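Below: one structure, written as structure tokens.
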2 protein chains.
Amino acid sequence: MTYTLALLQMTANEQKNVQEELLLDRIREAARKGATVICLQELSNTLYFCKDHKTDIPSLAETIPGPYTDKLCKLARELKVVLVAPFVERSLPGVYYNSLVVIDRDGSLLGTYRKMHIPDDPGFHEKFYFRRGNLGYKVFDTSVGKIGTLICWDQWFPEAARLTALMGAELILYPTAIGTLEHETSEERAAFRDAWRTIQRGHAISNGVFVAGVNRTGIEDGTSFWGGSFICSPFGTLLAEADEQECILMADIDRSQVEQVRLTWPFLRDRRTDSYSGLLD
Amino acid sequence: MTYTLALLQMTANEQKNVQEELLLDRIREAARKGATVICLQELSNTLYFCKDHKTDIPSLAETIPGPYTDKLCKLARELKVVLVAPFVERSLPGVYYNSLVVIDRDGSLLGTYRKMHIPDDPGFHEKFYFRRGNLGYKVFDTSVGKIGTLICWDQWFPEAARLTALMGAELILYPTAIGTLEHETSEERAAFRDAWRTIQRGHAISNGVFVAGVNRTGIEDGTSFWGGSFICSPFGTLLAEADEQECILMADIDRSQVEQVRLTWPFLRDRRTDSYSGLLD
């Protein structure tokens with residue numbers, strides 16, 4: 001019932017082909033260390049390019065399947081690992097999604113999640129680049145367990161975590177690209193980081209699921225990505241946490257804890273769905 | 001735009017009339033210290049009696065209006081304070097709710113909230129005593145600001161906080177009776193307390209509202225209520241926090257922060273209500 005999860009917290013190389021080689025090496029290293037599920041950061045093979053409104057997005061985008069997913073599927077099969085890999089998806093000329101794929105240990109591509117909640121804030125102008133997800137919430141029935149996926153801005157929406165948990169996720173993964181801008185004070189930076197971790201730990205607690213956030217690190221065009229990737233239990237307890245350095249962050253996921261925790265605190269039993277219609281307004 | 005909130009964290013006297021006198025004194029003290037909104041703990045004038053299945057509930061219950069609310073309305077008018085007062089409500093012979101009333105500074109009774117989510121766990125057998133709330137979620141338009149109210153077990157449900165925030169709450173109050181049982185380890189106790197605070201701070205962050213939890217303290221029939229009342233900002237930052245001692249916990253609520261925080265992190269702007277229908281299943 002237990003598997004080992006690894007999160008790859010990296011800086012991003014501005015050359016996509018270089019970044020992909022670095023990523024593939026890092027995946028091999030995580031597998032050598034015993035990981036069976038490996039999650040990459042948001043937009044794993046590119047810079048976080050959404051700071052302004054001018055990027056050449058076609059050169060960064062991937063089809064599904066396509067050359068990038070082919071490489072990942074081959075490596076997943078070779079290493080016998082589950083891979084969760086986010087990148088820019090090009091579904092049609094001019095139509096892009098902030099997506100991820102989940103690949104099983106036999107190299108099969110289980111499916112795609114397209115980021116449902118899209119930000120548009122100073123330094124994070126994703127509404128300009130991405131269509132909002134149209135595939136709904138996703139739980140992938142991998143050979144090691146049921147894994148739900150959400151991406152970055154989704155993490156601020158309890159609705160997304162709840163829906164993913166109700167679909168059977170035992171673990172929710174949040175690939176992320178979050179950082180602070182140059183004008184922000186150190187006090188603001190600390191409050192942002194704390195809020196980011198707190199709300200995701202809250203999703204673990206309210207749903208009785210493991211939660212992991214994997215964030216990039218390093219400075220890109222003035223934005224300081226803060227790393228701080230973490231893995232927490234279905235009780236919100238931190239199992240592993242990174243600082244701002246590049247790292248492979250690992251923890252064991254004991255799937256039996258999901259039911260144990262829900263028996264102690266049976267929140268899902270007591271939801272008042274008869275009173276929730278206002279959530280759709 | 002700013003008012004002062006006080007939370008009364010108390011042990012409970014087993015004599016209802018004694019407890020009420022203690023409470024009224026404590027309300028006077030909080031008003032003297034400058035509070036204009038004063039929130040009492042869950043089941044404010046009684047012990048937490050739901051540990052077993054045998055209490056004489058009619059002797060503990062109140063009608064609305066009734067002698068207890070009359071006393072509170074009179075005191076609110078005298079002190080010019082908003083009072084939030086939870087107690088057992090008897091709506092009909094044999095029909096009881098875990099309720100609270102909100103009283104404005106002129107002594108008028110603004111309305112009633114009946115706890116929507118009812119627990120039934122070892123030591124907390126509320127489904128035996130209480131009908132689940134049938135009045136929906138509530139925001140009270142008091143003379144100092146819009147105050148939403150939820151009670152204890154509600155705090156584990158992001159849906160309840162979200163609905164209350166969407167109705168206009170600037171502050172959500174959670175009167176609470178939460179503690180640990182004799183068999184629980186110190187590690188479990190610490191994890192419970194941390195999860196309790198974390199999930200409520202998460203509601204503040206996801207909704208951009210002030211959140212305050214007020215818990216009783218002291219040991220009742222083997223259950224150790226852990227106090228730990230707190231007030232946090234719309235960013236989840238702690239403004240005040242109690243330990244296990246009886247206390248009047250106070251903080252200033254600057255209502256303008258609600259809109260400021262939501263402009264920085266506009267989560268309410270980006271909710272994907274078109275994708276949330278599964279929340280009603």
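Simple scheme: letters A, B, ... for chains in structure tokens order, numbers from 1 for residues in each chain, numbers from 1 for ligands in the order shown.
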Within 9 Å of stretch 70-72 of chain B using only C-alpha atoms, minus same-chain residues under 3 positions, as a tab-separated table (two decimals) with C-alpha atoms, in the first residue's frame:
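Written file, out21.tsv:
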```tsv
chain	number	residue	atom	x	y	z
B	24	LEU	CA	-22.21	38.61	31.72
B	64	ILE	CA	-35.54	32.38	21.00
B	65	PRO	CA	-36.47	34.84	22.30
B	66	GLY	CA	-36.30	33.65	25.91
B	67	PRO	CA	-34.83	34.51	29.29
B	75	LEU	CA	-26.69	43.98	28.15
B	76	ALA	CA	-25.85	44.58	24.48
B	77	ARG	CA	-28.00	47.72	24.52
B	83	LEU	CA	-23.02	40.00	20.93
B	85	ALA	CA	-24.11	34.03	21.72
B	103	ILE	CA	-27.60	40.87	18.82
B	107	GLY	CA	-30.16	45.39	21.74
```
Self-check item: DSSP helix (DSSP H, G or I) residues within stretch 48-205 of chain B, as a ChimeraX atom specification
Solution: /B:57-59,67-79,126-129,152-156,158-166,186-205
Please report as JSON lines every residue of chain B lying within 6 Å of chain A, along with the nearest atom pair and their distance in Å (one decimal), using only C-alpha atoms.
```
{"residue": "B:Trp156", "atom": "CA", "partner": "A:Ser206", "partner_atom": "CA", "distance": 5.7}
{"residue": "B:Ile199", "atom": "CA", "partner": "A:Gly202", "partner_atom": "CA", "distance": 4.5}
{"residue": "B:Gly202", "atom": "CA", "partner": "A:Ile199", "partner_atom": "CA", "distance": 4.6}
{"residue": "B:Ser206", "atom": "CA", "partner": "A:Trp156", "partner_atom": "CA", "distance": 5.7}
{"residue": "B:Thr273", "atom": "CA", "partner": "A:Leu280", "partner_atom": "CA", "distance": 4.9}
{"residue": "B:Leu280", "atom": "CA", "partner": "A:Thr273", "partner_atom": "CA", "distance": 4.9}
```
Quiz item: Within 7 Å of A:Leu43, counting only C-alpha atoms, which residues qualify if same-chain residues fewer than 6 places away don't, as a PyMOL selection string?
Solution: chain A and resi 86-88
Residues just named, written with N, CA, C and O atoms as a tab-separated table (two decimals), in the first residue's frame:
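Result written to part_16.tsv:
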```tsv
chain	number	residue	atom	x	y	z
A	86	PRO	N	4.03	18.43	-16.48
A	86	PRO	CA	3.30	19.60	-16.98
A	86	PRO	C	4.07	20.33	-18.09
A	86	PRO	O	5.30	20.35	-18.09
A	87	PHE	N	3.33	20.90	-19.01
A	87	PHE	CA	3.93	21.69	-20.10
A	87	PHE	C	2.82	22.45	-20.83
A	87	PHE	O	1.63	22.23	-20.57
A	88	VAL	N	3.21	23.33	-21.77
A	88	VAL	CA	2.23	24.03	-22.61
A	88	VAL	C	1.70	23.05	-23.64
A	88	VAL	O	2.47	22.51	-24.43
```
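One finds atom CA of B:Cys50 at 5.8 Å from atom CA of B:Glu126.
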Quiz item: Quick one: residues within 9 Å of B:Asp106, only C-alpha atoms counted, chain neighbours fewer than 5 positions away excluded, as a list in words?
Solution: Cys73, Lys74, Ala76, Arg77, Glu78, Lys80, Val81, Val82 and Ser143 of chain B
Self-check item: Point-to-point distance in Å for atom CA of B:Leu249 and atom CA of B:Tyr97
Solution: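 Atom CA of B:Tyr97 sits 27.0 Å away from atom CA of B:Leu249.
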